[in-house]
Amino acid sequence: MSTPFESQVLEANAKYASTYKHSGLECPPLLKAVIVTCMDCRLDPKSAYGFELGEVTTIRNAGASGRDAARSVLLVTHVLGAQEVLLIKHTRCGLLGVPEDVVHGVMKKNLGLAESKEVGNFEVLTFFDLEKSTKEEVEYLRNHPLAWKKVRVTGWTHDTDTGVLKKVVE
């Protein structure tokens, strides 16, 4: 028995599949580019940044973390030939300004635990300054020991109230 959400997804997929015209697309991104951005449901990278299916690899995670995305970035640059990485954080992110211990507390409460080594060791990767964090994440990707030095990595912020994209790290 499907949930209402599953039914909605299946219905939308049937409509999508009935007009699908992208058979045969290859895996490497046609524009040789990667976007690392947040998983926030208010962001629509394809529409906001003007690319089509198959042109750009998009990596999404909580907070647009370069540390969290490094594995995927390294794979798409080394194996699939991407030459440019745009790391895009955004305003009003759910991880912006939230102390890690607060998140750990919520997790312990949800799990019915007073203490938990696993929760205590869970990296939330919160941040307190949007531009500073963007710079740090870009530096992390640029300086990763497996980073390919010819790959360009830049940092950006996206304003979730206006949709405006701003470069903060050249």
# chains A, B, ... in the order shown; residues from 1 in each chain; ligands from 1

call {"tool": "residues_around", "arguments": {"residues": "A:Gly163", "least_positions_apart": "6", "cutoff": "10 Å", "atoms": "only C-alpha atoms", "output": "short mmCIF file (atom, residue, chain, number, x, y, z; two decimals) with N, CA and C atoms, in the first residue's frame"}}
result
data_model
loop_
_atom_site.label_atom_id
_atom_site.label_comp_id
_atom_site.auth_asym_id
_atom_site.auth_seq_id
_atom_site.Cartn_x
_atom_site.Cartn_y
_atom_site.Cartn_z
N ARG A 42 14.10 24.81 -0.67
CA ARG A 42 13.83 26.11 -1.29
C ARG A 42 14.75 26.38 -2.48
N LEU A 43 15.75 25.53 -2.69
CA LEU A 43 16.70 25.73 -3.78
C LEU A 43 16.35 24.85 -4.97
N ASP A 44 16.42 25.42 -6.15
CA ASP A 44 16.18 24.70 -7.40
C ASP A 44 17.34 25.02 -8.34
N ALA A 48 17.51 27.89 -11.17
CA ALA A 48 18.19 29.10 -10.69
C ALA A 48 19.47 29.42 -11.44
N TYR A 49 20.14 28.38 -11.96
CA TYR A 49 21.46 28.60 -12.56
C TYR A 49 21.51 28.26 -14.04
N HIS A 90 23.73 29.23 1.09
CA HIS A 90 22.59 30.14 0.96
C HIS A 90 22.20 30.77 2.29
N THR A 91 21.49 31.88 2.17
CA THR A 91 20.99 32.57 3.34
C THR A 91 19.91 31.74 4.02
N THR A 157 27.22 32.63 -2.71
CA THR A 157 26.06 32.59 -1.81
C THR A 157 24.81 32.88 -2.64
#

call {"tool": "residues_around", "arguments": {"residues": "stretch 116-126 of chain A", "least_positions_apart": "3", "cutoff": "9 Å", "atoms": "only C-alpha atoms", "output": "list in words"}}
result
Ala62, Gly63, Ser65, Arg67, Asp68, Gly94, Leu95, Leu96, Gly97, Val98, Pro99, Glu100, Asp101, Val103, His104, Gly105, Met107, Lys108 and Leu113 of chain A

call {"tool": "residues_around", "arguments": {"residues": "A:Glu26", "least_positions_apart": "3", "cutoff": "12 Å", "atoms": "only C-alpha atoms", "output": "list in words"}}
result
His22, Ser23, Pro29, Leu30, Leu53, Gly54, Glu55, Val56, Thr57 and Leu80 of chain A

call {"tool": "select_by_dssp", "arguments": {"residues": "chain A", "states": "strand (DSSP E or B)", "output": "PyMOL selection string"}}
result
chain A and resi 33-38+56-61+84-90+96+127+152-158+165-169

call {"tool": "residues_around", "arguments": {"residues": "A:Lys89", "least_positions_apart": "3", "cutoff": "12 Å", "atoms": "only C-alpha atoms", "output": "ChimeraX atom specification"}}
result
/A:35-40,43,45,60-66,86,92-96,127,129-138,154-160,164-169

call {"tool": "write_last_selection", "arguments": {"atoms": "C-alpha atoms", "output": "PDB file, in the first residue's frame"}}
result
ATOM      1  CA  ILE A  35      27.641  22.491  -8.331  1.00  0.00           C
ATOM      2  CA  VAL A  36      27.829  21.753  -4.614  1.00  0.00           C
ATOM      3  CA  THR A  37      24.837  23.225  -2.858  1.00  0.00           C
ATOM      4  CA  CYS A  38      22.504  22.659   0.045  1.00  0.00           C
ATOM      5  CA  MET A  39      19.747  20.074   0.117  1.00  0.00           C
ATOM      6  CA  ASP A  40      17.292  22.791   1.244  1.00  0.00           C
ATOM      7  CA  LEU A  43      16.705  25.730  -3.777  1.00  0.00           C
ATOM      8  CA  PRO A  45      19.679  24.660  -8.932  1.00  0.00           C
ATOM      9  CA  ARG A  60      23.501  18.435  -2.510  1.00  0.00           C
ATOM     10  CA  ASN A  61      23.985  18.006   1.210  1.00  0.00           C
ATOM     11  CA  ALA A  62      23.094  19.723   4.476  1.00  0.00           C
ATOM     12  CA  GLY A  63      24.737  23.143   4.509  1.00  0.00           C
ATOM     13  CA  ALA A  64      26.511  22.819   1.133  1.00  0.00           C
ATOM     14  CA  SER A  65      29.464  21.311   2.934  1.00  0.00           C
ATOM     15  CA  GLY A  66      32.629  20.894   0.907  1.00  0.00           C
ATOM     16  CA  LEU A  86      30.910  26.027  -7.770  1.00  0.00           C
ATOM     17  CA  ARG A  92      18.687  31.341   6.099  1.00  0.00           C
ATOM     18  CA  CYS A  93      20.213  27.847   5.973  1.00  0.00           C
ATOM     19  CA  GLY A  94      18.957  25.479   8.658  1.00  0.00           C
ATOM     20  CA  LEU A  95      22.540  24.891   9.834  1.00  0.00           C
ATOM     21  CA  LEU A  96      23.461  28.589   9.977  1.00  0.00           C
ATOM     22  CA  PHE A 127      28.408  27.241  10.719  1.00  0.00           C
ATOM     23  CA  ASP A 129      29.132  33.089   9.293  1.00  0.00           C
ATOM     24  CA  LEU A 130      27.873  32.449   5.765  1.00  0.00           C
ATOM     25  CA  GLU A 131      30.711  34.086   3.821  1.00  0.00           C
ATOM     26  CA  LYS A 132      33.452  32.838   6.158  1.00  0.00           C
ATOM     27  CA  SER A 133      32.093  29.296   5.930  1.00  0.00           C
ATOM     28  CA  THR A 134      31.907  29.542   2.136  1.00  0.00           C
ATOM     29  CA  LYS A 135      35.584  30.548   2.056  1.00  0.00           C
ATOM     30  CA  GLU A 136      36.551  27.710   4.417  1.00  0.00           C
ATOM     31  CA  GLU A 137      34.669  25.097   2.372  1.00  0.00           C
ATOM     32  CA  VAL A 138      36.285  26.290  -0.867  1.00  0.00           C
ATOM     33  CA  THR A 154      34.870  29.063  -6.456  1.00  0.00           C
ATOM     34  CA  GLY A 155      32.475  30.031  -3.663  1.00  0.00           C
ATOM     35  CA  TRP A 156      29.068  31.646  -3.920  1.00  0.00           C
ATOM     36  CA  THR A 157      26.061  32.594  -1.813  1.00  0.00           C
ATOM     37  CA  HIS A 158      22.440  32.376  -2.893  1.00  0.00           C
ATOM     38  CA  ASP A 159      19.864  34.664  -1.286  1.00  0.00           C
ATOM     39  CA  THR A 160      16.770  32.543  -0.636  1.00  0.00           C
ATOM     40  CA  VAL A 164      20.245  36.365  -6.326  1.00  0.00           C
ATOM     41  CA  LEU A 165      23.593  34.570  -6.620  1.00  0.00           C
ATOM     42  CA  LYS A 166      26.762  36.357  -5.462  1.00  0.00           C
ATOM     43  CA  LYS A 167      30.395  35.251  -5.880  1.00  0.00           C
ATOM     44  CA  VAL A 168      32.331  35.496  -2.605  1.00  0.00           C
ATOM     45  CA  VAL A 169      35.446  33.432  -3.426  1.00  0.00           C
TER      46      VAL A 169
END

call {"tool": "atom_distance", "arguments": {"atom1": "atom CA of A:Leu111", "atom2": "atom CA of A:Phe5"}}
result
24.6 Å

call {"tool": "atom_distance", "arguments": {"atom1": "atom CA of A:Val153", "atom2": "atom CA of A:Glu84"}}
result
6.0 Å

call {"tool": "atom_distance", "arguments": {"atom1": "atom CA of A:Arg142", "atom2": "atom CA of A:Cys27"}}
result
23.7 Å

call {"tool": "closest_residue", "arguments": {"among": "A:Lys32, A:Lys46, A:Lys109, A:Lys15", "to": "A:His78", "atoms": "only C-alpha atoms"}}
result
A:Lys32

call {"tool": "closest_residue", "arguments": {"among": "A:Leu25, A:Leu146, A:Ala17, A:Leu31", "to": "A:Gln83", "atoms": "only C-alpha atoms"}}
result
A:Leu31

call {"tool": "select_by_dssp", "arguments": {"residues": "chain A", "states": "alpha helix (DSSP H)", "output": "ChimeraX atom specification"}}
result
/A:4-18,45-49,66-78,100-111,117-121,130-143

call {"tool": "closest_residue", "arguments": {"among": "A:Thr19, A:Thr58, A:Gly112, A:Arg152", "to": "A:Val85", "atoms": "only C-alpha atoms"}}
result
A:Arg152

call {"tool": "closest_residue", "arguments": {"among": "A:Ala114, A:Val34, A:Ala12, A:Val102", "to": "A:Leu75", "atoms": "only C-alpha atoms"}}
result
A:Val34

call {"tool": "closest_residue", "arguments": {"among": "A:Ser47, A:Thr3, A:Asn13, A:Ser72", "to": "A:Ala147", "atoms": "only C-alpha atoms"}}
result
A:Ser72

call {"tool": "decode", "arguments": {"residues": "stretch 47-167 of chain A", "atoms": "C-alpha atoms", "output": "short mmCIF file (atom, residue, chain, number, x, y, z; two decimals), in the first residue's frame"}}
result
data_model
loop_
_atom_site.label_atom_id
_atom_site.label_comp_id
_atom_site.auth_asym_id
_atom_site.auth_seq_id
_atom_site.Cartn_x
_atom_site.Cartn_y
_atom_site.Cartn_z
CA SER A 47 16.18 26.60 -12.73
CA ALA A 48 18.19 29.10 -10.69
CA TYR A 49 21.46 28.60 -12.56
CA GLY A 50 20.24 27.79 -16.05
CA PHE A 51 21.49 24.34 -16.93
CA GLU A 52 19.80 21.39 -18.56
CA LEU A 53 19.80 17.70 -17.71
CA GLY A 54 23.19 16.18 -18.43
CA GLU A 55 25.13 19.45 -18.38
CA VAL A 56 26.17 19.74 -14.72
CA THR A 57 26.67 17.34 -11.84
CA THR A 58 24.81 18.60 -8.78
CA ILE A 59 25.87 17.51 -5.31
CA ARG A 60 23.50 18.44 -2.51
CA ASN A 61 23.98 18.01 1.21
CA ALA A 62 23.09 19.72 4.48
CA GLY A 63 24.74 23.14 4.51
CA ALA A 64 26.51 22.82 1.13
CA SER A 65 29.46 21.31 2.93
CA GLY A 66 32.63 20.89 0.91
CA ARG A 67 33.87 18.40 3.48
CA ASP A 68 30.75 16.31 3.08
CA ALA A 69 30.85 16.62 -0.73
CA ALA A 70 34.58 15.98 -1.17
CA ARG A 71 34.23 12.30 -2.09
CA SER A 72 31.74 13.07 -4.85
CA VAL A 73 33.68 16.13 -6.07
CA LEU A 74 36.87 14.07 -6.32
CA LEU A 75 35.09 11.35 -8.27
CA VAL A 76 33.40 13.69 -10.75
CA THR A 77 36.62 15.63 -11.36
CA HIS A 78 39.04 12.70 -11.62
CA VAL A 79 36.77 10.10 -13.22
CA LEU A 80 34.19 12.12 -15.13
CA GLY A 81 36.42 15.04 -16.18
CA ALA A 82 34.73 18.01 -14.52
CA GLN A 83 37.05 21.01 -14.43
CA GLU A 84 35.06 23.53 -12.43
CA VAL A 85 33.34 23.41 -9.04
CA LEU A 86 30.91 26.03 -7.77
CA LEU A 87 30.23 25.72 -4.04
CA ILE A 88 26.98 27.57 -3.33
CA LYS A 89 25.76 28.18 0.23
CA HIS A 90 22.59 30.14 0.96
CA THR A 91 20.99 32.57 3.34
CA ARG A 92 18.69 31.34 6.10
CA CYS A 93 20.21 27.85 5.97
CA GLY A 94 18.96 25.48 8.66
CA LEU A 95 22.54 24.89 9.83
CA LEU A 96 23.46 28.59 9.98
CA GLY A 97 23.91 29.69 13.58
CA VAL A 98 22.79 26.45 15.18
CA PRO A 99 25.20 25.05 17.78
CA GLU A 100 26.09 21.39 17.20
CA ASP A 101 25.14 20.50 20.78
CA VAL A 102 21.59 21.74 20.13
CA VAL A 103 21.29 19.39 17.14
CA HIS A 104 22.75 16.55 19.20
CA GLY A 105 20.19 17.30 21.93
CA VAL A 106 17.31 17.10 19.47
CA MET A 107 18.63 13.80 18.11
CA LYS A 108 18.99 12.29 21.59
CA LYS A 109 15.48 13.45 22.51
CA ASN A 110 14.02 11.97 19.31
CA LEU A 111 15.82 8.68 20.00
CA GLY A 112 14.82 8.64 23.68
CA LEU A 113 18.43 8.70 24.87
CA ALA A 114 19.97 10.58 27.77
CA GLU A 115 23.48 10.02 26.42
CA SER A 116 24.84 8.59 23.22
CA LYS A 117 28.41 8.23 22.02
CA GLU A 118 27.13 7.83 18.46
CA VAL A 119 25.15 11.07 18.60
CA GLY A 120 28.06 12.84 20.27
CA ASN A 121 30.37 11.75 17.47
CA PHE A 122 27.93 12.71 14.72
CA GLU A 123 29.34 15.62 12.69
CA VAL A 124 26.60 18.17 12.07
CA LEU A 125 28.88 20.67 10.27
CA THR A 126 27.00 23.77 11.43
CA PHE A 127 28.41 27.24 10.72
CA PHE A 128 27.92 30.76 12.05
CA ASP A 129 29.13 33.09 9.29
CA LEU A 130 27.87 32.45 5.77
CA GLU A 131 30.71 34.09 3.82
CA LYS A 132 33.45 32.84 6.16
CA SER A 133 32.09 29.30 5.93
CA THR A 134 31.91 29.54 2.14
CA LYS A 135 35.58 30.55 2.06
CA GLU A 136 36.55 27.71 4.42
CA GLU A 137 34.67 25.10 2.37
CA VAL A 138 36.28 26.29 -0.87
CA GLU A 139 39.72 26.14 0.76
CA TYR A 140 38.97 22.63 2.01
CA LEU A 141 38.17 21.44 -1.52
CA ARG A 142 41.12 23.27 -3.07
CA ASN A 143 43.57 21.89 -0.51
CA HIS A 144 42.26 18.35 -0.26
CA PRO A 145 45.24 16.00 -0.68
CA LEU A 146 43.54 14.31 -3.65
CA ALA A 147 42.35 17.51 -5.32
CA TRP A 148 43.40 17.97 -8.92
CA LYS A 149 45.06 21.40 -8.98
CA LYS A 150 43.81 22.24 -12.47
CA VAL A 151 40.19 22.16 -11.22
CA ARG A 152 38.79 25.63 -10.50
CA VAL A 153 36.84 25.91 -7.24
CA THR A 154 34.87 29.06 -6.46
CA GLY A 155 32.48 30.03 -3.66
CA TRP A 156 29.07 31.65 -3.92
CA THR A 157 26.06 32.59 -1.81
CA HIS A 158 22.44 32.38 -2.89
CA ASP A 159 19.86 34.66 -1.29
CA THR A 160 16.77 32.54 -0.64
CA ASP A 161 14.57 35.66 -0.43
CA THR A 162 15.61 37.21 -3.76
CA GLY A 163 17.12 34.28 -5.70
CA VAL A 164 20.24 36.36 -6.33
CA LEU A 165 23.59 34.57 -6.62
CA LYS A 166 26.76 36.36 -5.46
CA LYS A 167 30.39 35.25 -5.88
#
